[in-house]
Amino acid sequence: MTEQESIIVAIELGSSKISAIAGKKKDGTMQILAYAEEKNYDCVKRGMVYNIEKTTQSIKNVISRIETSLKMKVTRTYIGLAGQSVHSVKSIVRKNMLAPTYITQGHIDAITDESHEVPLEDYELNGFFVQNFIVDANVTANPVGIMGTNIEGEFLNVIANKRLRNNIKTCFENLGLDIADYRIASFELANNLLTDAEKRSGCAMIDFGAGTTTIAVLKNNIVRQIVTLPLGINCIRQDLCDQQIEESEAEELLLKYGNAIIENDNTDDDNKKTTYTTSDGREIEITLIQQIIEARLDEILRNVDNQLHGSEYGDKLLGGVVITGGGANIKNIDKACATSLKAAKVRIAKKLIPQVIKNSDITSLSTESPTSCTIISLLLSGDENCVGDAYNGPDIFAEKAKEDEITATKEANAKRQKEEDDALEYIEDIKNQLRTAILRMQQVGEEIKNNPSSKKLWVNADEAAAQAEAVITDEFDTQKAILADKDKYKQSLREAEVLTKKCGEEAENLQQIVKDAKKNNSAMGRFTRWIDDLLKE
């Protein structure tokens with residue numbers, strides 16, 4: 001299939017339902033071809049798969065309905081990662097180049113790789129966002145090509161409990177389905193829900209889900225924070241169930257009487273209903289129901305407020321707050337957010353920015369509902385075909401010859417690239433050894449200046465100079481020759497030359513320091529200093 005014909009499939013493992021969607025991109029518009037959902041009966045809690053068997057069956061059911069609608073076999077899907085364990089952590093990596101150096105992409109890649117260390121046990125990296133770089137106290141978004149001695153990179157790493165992906169992977173392996181890729185659900189949602197002005201000026205997106213509430217903060221078009229609170233709309237339902245109300249009734253009460261701010265009603269109405277009759281005949285005050293809903297929403301918003309105003313961007317969100325998710329349907333939720341979060345701008349987002357159309361026979365999905373924004377965002381993030389293609393019977397002999405030719409070319413290129421990679425790795429190792437040798441000689445030199453009579457330090461200086469000299473061997477010239485005349489390695493070779501020259505200079509300087517120390521501490525040197533001191537007196 002061509003890119004225009006590729007059919008993308010995505011799955012959202014929500015706390016209230018498991019849903020699957022299929023669509024096709026065309027001329028910048030996503031056309032939704034099929035949609036299926038199944039209620040989640042405690043197999044997914046707060047975004048985490050707890051019951052693998054039930055989750056597997058639910059995924060199988062929705063995929064089967066997608067295949068029936070498409071009349072094509074689904075081979076893989078995109079999966080959204082969400083849940084209470086998903087959150088962001090800051091990582092800062094500093095590197096001293098020891099000598100003025102042109103920053104290359106290789107330096108950036110090395111710093112980025114180092115930033116990926118996950119500080120928490122049982123957690124793994126799921127994605128990262130570059131915040132900025134600082135080269136010798138100058139902040140820049142792209143330091144490649146800038147000369148500097150010190151470089152610092154700041155990153156926002158998105159991590160989650162390892163079980164999150166492992167359990168999802170197990171479900172799909174049980175079904176024989178491939179996972180096209182994992183997506184950070186909150187990022188994809190914010191990317192498609194927020195306007196360019198909101199992303200640029202600073203905005204907090206709050207996704208009121210069933211099991212969790214997710215906060216994503218963007219500023220200058222960069223994700224600055226992702227937090228998942230283990231509090232969602234299901235908490236309100238549970239609070240209502242604690243009043244001996246059935247779960248189905250609790251859902252009905254939330255939709256009917258849910259109000260983030262209980263407004264005073266001073267009108268006199270003798271016929272106004274003040275109680276609700278449960279299925280078992282009990283009477284419950286409607287005021288009590290509203291107070292329960294308002295209290296839990298207030299708790300959720302206070303937690304959101306703590307996260308926003310406890311961060312460095314809490315007072316920089318000129319774009320305000322954007323609300324989405326199932327909780328966005330609760331009456332006066334925007335007013336409650338404006339009050340609790342002290343936000344001047346609050347917008348309820350019910351529709352994504354990219355244009356989305358759907359087939360007329362899909363009645364269970366609304367493209368203008370906060371509850372469907374996440375699953376559609378996951379669909380928009382996909383770029384690879386996820387369904388089986390019809391076999392058109394190509395000439396397998398011609399295909400085999402073509403594959404062999406391609407394989408031989410790839411092997412030759414891979415061999416050449418392997419030699420270059422090994423040579424570059426050797427050169428980089430030598431550069432690190434030179435940096436270490438330079439630092440060692442500088443350190444010993446300072447120690448001798450502070451204690452010039454120490455013969456042990458003189459010996460240390462000789463050893464440091466000898467070790468520095470031993471770094472460069474004939475192999476160094478051999479490996480340099482492999483990389484010579486190739487533009488992408490010129491900068492690395494130039495840095496090696498600079499460090500080699502500096503190492504030689506430091507060795508000569510150290511030898512002079514030792515020579516001066518020995519001269520000043522000889523018998524003649526001590527006699528000369530005694531005469532000088534006597535003349536001064």
# chains A, B, ... in the order shown; residues from 1 in each chain; ligands from 1
$ closest_atom_pairs --of "region 213-243 of chain A" --to "region 193-197 of chain A" --cutoff "10 Å" --atoms "only C-alpha atoms" --output "Markdown table"
| residue | atom | partner | partner_atom | distance |
| --- | --- | --- | --- | --- |
| A:Leu218 | CA | A:Leu194 | CA | 9.3 |
| A:Lys219 | CA | A:Ala197 | CA | 9.9 |
| A:Asn220 | CA | A:Ala197 | CA | 9.2 |
| A:Asn221 | CA | A:Asp196 | CA | 7.8 |
$ write_last_selection --atoms "N, CA and C atoms" --output "CSV table (one decimal), in the first residue's frame"
chain,number,residue,atom,x,y,z
A,218,LEU,N,2.9,22.5,28.5
A,218,LEU,CA,3.7,22.9,27.3
A,218,LEU,C,4.1,24.4,27.4
A,219,LYS,N,5.3,24.7,27.0
A,219,LYS,CA,5.7,26.1,26.9
A,219,LYS,C,6.8,26.2,25.8
A,220,ASN,N,6.6,27.2,25.0
A,220,ASN,CA,7.6,27.4,23.8
A,220,ASN,C,7.6,26.2,22.9
A,221,ASN,N,6.4,25.5,22.8
A,221,ASN,CA,6.3,24.4,21.9
A,221,ASN,C,7.0,23.1,22.4
$ residues_around --residues "Glu497 (chain A)" --least-positions-apart "3" --cutoff "12 Å" --atoms "only C-alpha atoms" --output "list in words"
Ala99, Thr101, Ile427, Glu428, Ile430, Lys431, Leu434, Ile472, Phe476, Asp477, Lys480, Lys490, Gln491, Ser492, Leu493, Arg494, Thr500, Lys501, Lys502, Cys503 and Gly504 of chain A
$ closest_atom_pairs --of "region 73-133 of chain A" --to "region 294-315 of chain A" --cutoff "12 Å" --atoms "only C-alpha atoms" --output "JSON lines"
{"residue": "A:His87", "atom": "CA", "partner": "A:Gln307", "partner_atom": "CA", "distance": 11.7}
{"residue": "A:Ser88", "atom": "CA", "partner": "A:Ser311", "partner_atom": "CA", "distance": 11.9}
{"residue": "A:Val89", "atom": "CA", "partner": "A:Ser311", "partner_atom": "CA", "distance": 11.7}
{"residue": "A:Lys90", "atom": "CA", "partner": "A:Ser311", "partner_atom": "CA", "distance": 11.5}
$ closest_residue --among "A:Thr367, A:Leu156, A:Asn520, A:Ala414" --to "Ile32 (chain A)" --atoms "only C-alpha atoms"
A:Thr367
$ select_by_dssp --residues "region 56-268 of chain A" --states "alpha helix (DSSP H)" --output "number ranges by chain"
A: 56-70, 105-115, 162-175, 185-193, 196-201, 233-241, 247-257
$ residues_around --residues "Gly445 (chain A)" --least-positions-apart "4" --cutoff "8 Å" --atoms "only C-alpha atoms" --output "list in words"
Met441, Lys449, Ala461, Leu510 and Ile513 of chain A
$ residues_around --residues "region 139-154 of chain A" --least-positions-apart "5" --cutoff "7 Å" --atoms "only C-alpha atoms" --output "CSV table (one decimal) with all heavy atoms, in the first residue's frame"
chain,number,residue,atom,x,y,z
A,91,SER,N,16.2,15.5,33.9
A,91,SER,CA,17.6,15.0,33.9
A,91,SER,C,18.5,16.0,33.3
A,91,SER,O,18.3,16.6,32.2
A,91,SER,CB,17.6,13.7,33.0
A,91,SER,OG,18.9,13.2,32.9
A,92,ILE,N,19.6,16.3,34.0
A,92,ILE,CA,20.6,17.3,33.6
A,92,ILE,C,22.0,16.6,33.4
A,92,ILE,O,22.4,15.9,34.4
A,92,ILE,CB,20.7,18.5,34.5
A,92,ILE,CG1,19.4,19.2,34.6
A,92,ILE,CG2,21.8,19.4,34.1
A,92,ILE,CD1,19.3,20.4,35.6
A,93,VAL,N,22.6,16.7,32.3
A,93,VAL,CA,23.9,16.1,32.0
A,93,VAL,C,24.9,17.2,31.7
A,93,VAL,O,24.6,18.0,30.8
A,93,VAL,CB,23.8,15.1,30.9
A,93,VAL,CG1,25.2,14.5,30.6
A,93,VAL,CG2,22.8,14.0,31.2
A,94,ARG,N,26.0,17.2,32.4
A,94,ARG,CA,27.1,18.2,32.1
A,94,ARG,C,28.3,17.5,31.6
A,94,ARG,O,28.7,16.4,32.1
A,94,ARG,CB,27.4,19.0,33.4
A,94,ARG,CG,26.2,19.7,34.0
A,94,ARG,CD,26.6,20.5,35.2
A,94,ARG,NE,25.4,21.2,35.8
A,94,ARG,CZ,24.6,20.8,36.6
A,94,ARG,NH1,24.7,19.5,37.0
A,94,ARG,NH2,23.6,21.5,37.0
A,95,LYS,N,29.0,18.1,30.7
A,95,LYS,CA,30.2,17.6,30.1
A,95,LYS,C,31.3,18.7,29.9
A,95,LYS,O,31.0,19.7,29.3
A,95,LYS,CB,29.9,16.9,28.8
A,95,LYS,CG,31.1,16.1,28.2
A,95,LYS,CD,30.7,15.3,27.0
A,95,LYS,CE,31.8,14.4,26.5
A,95,LYS,NZ,32.2,13.4,27.4
A,96,ASN,N,32.5,18.4,30.4
A,96,ASN,CA,33.6,19.3,30.2
A,96,ASN,C,34.5,18.8,29.1
A,96,ASN,O,35.0,17.7,29.2
A,96,ASN,CB,34.4,19.5,31.5
A,96,ASN,CG,35.5,20.5,31.4
A,96,ASN,OD1,35.9,20.9,30.4
A,96,ASN,ND2,35.9,21.0,32.6
A,97,MET,N,34.7,19.6,28.1
A,97,MET,CA,35.5,19.1,26.9
A,97,MET,C,36.9,19.4,27.1
A,97,MET,O,37.8,19.0,26.3
A,97,MET,CB,35.0,19.9,25.6
A,97,MET,CG,33.5,19.9,25.4
A,97,MET,SD,32.7,18.3,25.3
A,97,MET,CE,33.3,17.7,23.8
A,98,LEU,N,37.3,20.1,28.2
A,98,LEU,CA,38.7,20.4,28.6
A,98,LEU,C,39.4,21.4,27.7
A,98,LEU,O,40.3,22.1,28.1
A,98,LEU,CB,39.5,19.1,28.7
A,98,LEU,CG,39.1,18.1,29.7
A,98,LEU,CD1,40.0,16.9,29.7
A,98,LEU,CD2,39.1,18.7,31.1
A,99,ALA,N,39.0,21.4,26.4
A,99,ALA,CA,39.6,22.4,25.5
A,99,ALA,C,38.4,22.9,24.6
A,99,ALA,O,37.4,22.2,24.4
A,99,ALA,CB,40.7,21.7,24.6
A,100,PRO,N,38.5,24.1,24.1
A,100,PRO,CA,37.5,24.6,23.2
A,100,PRO,C,37.2,23.7,22.1
A,100,PRO,O,38.2,23.3,21.4
A,100,PRO,CB,38.1,26.0,22.7
A,100,PRO,CG,39.0,26.4,23.8
A,100,PRO,CD,39.6,25.1,24.4
A,101,THR,N,36.0,23.3,21.9
A,101,THR,CA,35.6,22.2,21.0
A,101,THR,C,34.4,22.6,20.2
A,101,THR,O,33.4,23.2,20.8
A,101,THR,CB,35.4,20.9,21.7
A,101,THR,OG1,36.5,20.6,22.5
A,101,THR,CG2,35.1,19.8,20.7
A,102,TYR,N,34.3,22.3,18.9
A,102,TYR,CA,33.1,22.5,18.2
A,102,TYR,C,32.1,21.4,18.5
A,102,TYR,O,32.4,20.2,18.4
A,102,TYR,CB,33.4,22.5,16.7
A,102,TYR,CG,33.9,23.8,16.1
A,102,TYR,CD1,35.2,23.9,15.8
A,102,TYR,CD2,33.1,24.9,16.0
A,102,TYR,CE1,35.8,25.1,15.3
A,102,TYR,CE2,33.6,26.1,15.5
A,102,TYR,CZ,34.9,26.2,15.2
A,102,TYR,OH,35.4,27.4,14.7
A,103,ILE,N,30.9,21.8,19.0
A,103,ILE,CA,30.0,20.8,19.4
A,103,ILE,C,29.4,20.1,18.2
A,103,ILE,O,28.9,20.7,17.2
A,103,ILE,CB,28.8,21.4,20.2
A,103,ILE,CG1,29.4,22.2,21.4
A,103,ILE,CG2,27.9,20.3,20.7
A,103,ILE,CD1,30.2,21.4,22.4
A,104,THR,N,29.4,18.8,18.2
A,104,THR,CA,28.9,18.0,17.1
A,104,THR,C,27.6,17.2,17.5
A,104,THR,O,27.3,17.2,18.7
A,104,THR,CB,29.9,17.0,16.6
A,104,THR,OG1,30.1,16.0,17.6
A,104,THR,CG2,31.2,17.6,16.2
A,105,GLN,N,27.0,16.6,16.5
A,105,GLN,CA,25.8,15.8,16.8
A,105,GLN,C,26.2,14.6,17.7
A,105,GLN,O,25.4,14.1,18.5
A,105,GLN,CB,25.1,15.3,15.5
A,105,GLN,CG,23.8,14.6,15.8
A,105,GLN,CD,22.8,15.5,16.5
A,105,GLN,OE1,22.6,16.7,16.1
A,105,GLN,NE2,22.1,15.0,17.5
A,111,ILE,N,25.4,12.9,25.2
A,111,ILE,CA,24.8,13.5,26.3
A,111,ILE,C,23.4,13.0,26.5
A,111,ILE,O,22.9,12.7,27.6
A,111,ILE,CB,24.8,15.1,26.2
A,111,ILE,CG1,26.3,15.6,26.3
A,111,ILE,CG2,23.9,15.7,27.2
A,111,ILE,CD1,26.4,17.0,26.1
A,130,VAL,N,13.7,17.1,24.8
A,130,VAL,CA,14.8,18.0,25.0
A,130,VAL,C,14.3,19.4,25.5
A,130,VAL,O,13.5,20.0,24.8
A,130,VAL,CB,15.7,18.2,23.8
A,130,VAL,CG1,16.9,19.1,24.1
A,130,VAL,CG2,16.2,16.8,23.3
A,131,GLN,N,14.8,19.9,26.6
A,131,GLN,CA,14.4,21.2,27.1
A,131,GLN,C,15.3,22.3,26.6
A,131,GLN,O,14.8,23.2,26.0
A,131,GLN,CB,14.4,21.2,28.7
A,131,GLN,CG,13.6,20.1,29.3
A,131,GLN,CD,12.1,20.2,29.0
A,131,GLN,OE1,11.4,21.1,29.5
A,131,GLN,NE2,11.6,19.3,28.2
A,132,ASN,N,16.6,22.2,26.8
A,132,ASN,CA,17.5,23.2,26.3
A,132,ASN,C,18.9,22.7,26.5
A,132,ASN,O,19.2,21.7,27.2
A,132,ASN,CB,17.3,24.6,26.8
A,132,ASN,CG,17.5,24.6,28.3
A,132,ASN,OD1,18.5,24.1,28.9
A,132,ASN,ND2,16.5,25.2,29.0
A,133,PHE,N,19.9,23.4,25.9
A,133,PHE,CA,21.3,23.2,26.1
A,133,PHE,C,22.0,24.5,26.5
A,133,PHE,O,21.5,25.6,26.2
A,133,PHE,CB,22.0,22.7,24.8
A,133,PHE,CG,21.5,21.3,24.4
A,133,PHE,CD1,20.5,21.1,23.5
A,133,PHE,CD2,22.2,20.2,24.9
A,133,PHE,CE1,20.1,19.9,23.1
A,133,PHE,CE2,21.8,18.9,24.5
A,133,PHE,CZ,20.7,18.8,23.6
A,134,ILE,N,23.0,24.4,27.3
A,134,ILE,CA,23.8,25.5,27.7
A,134,ILE,C,25.3,25.3,27.4
A,134,ILE,O,25.8,24.3,27.8
A,134,ILE,CB,23.7,25.8,29.3
A,134,ILE,CG1,22.2,26.0,29.6
A,134,ILE,CG2,24.5,27.0,29.7
A,134,ILE,CD1,22.0,26.1,31.1
$ closest_residue --among "A:Ile108, A:Val471, A:Leu424, A:Val387" --to "Lys24 (chain A)" --atoms "only C-alpha atoms"
A:Val387
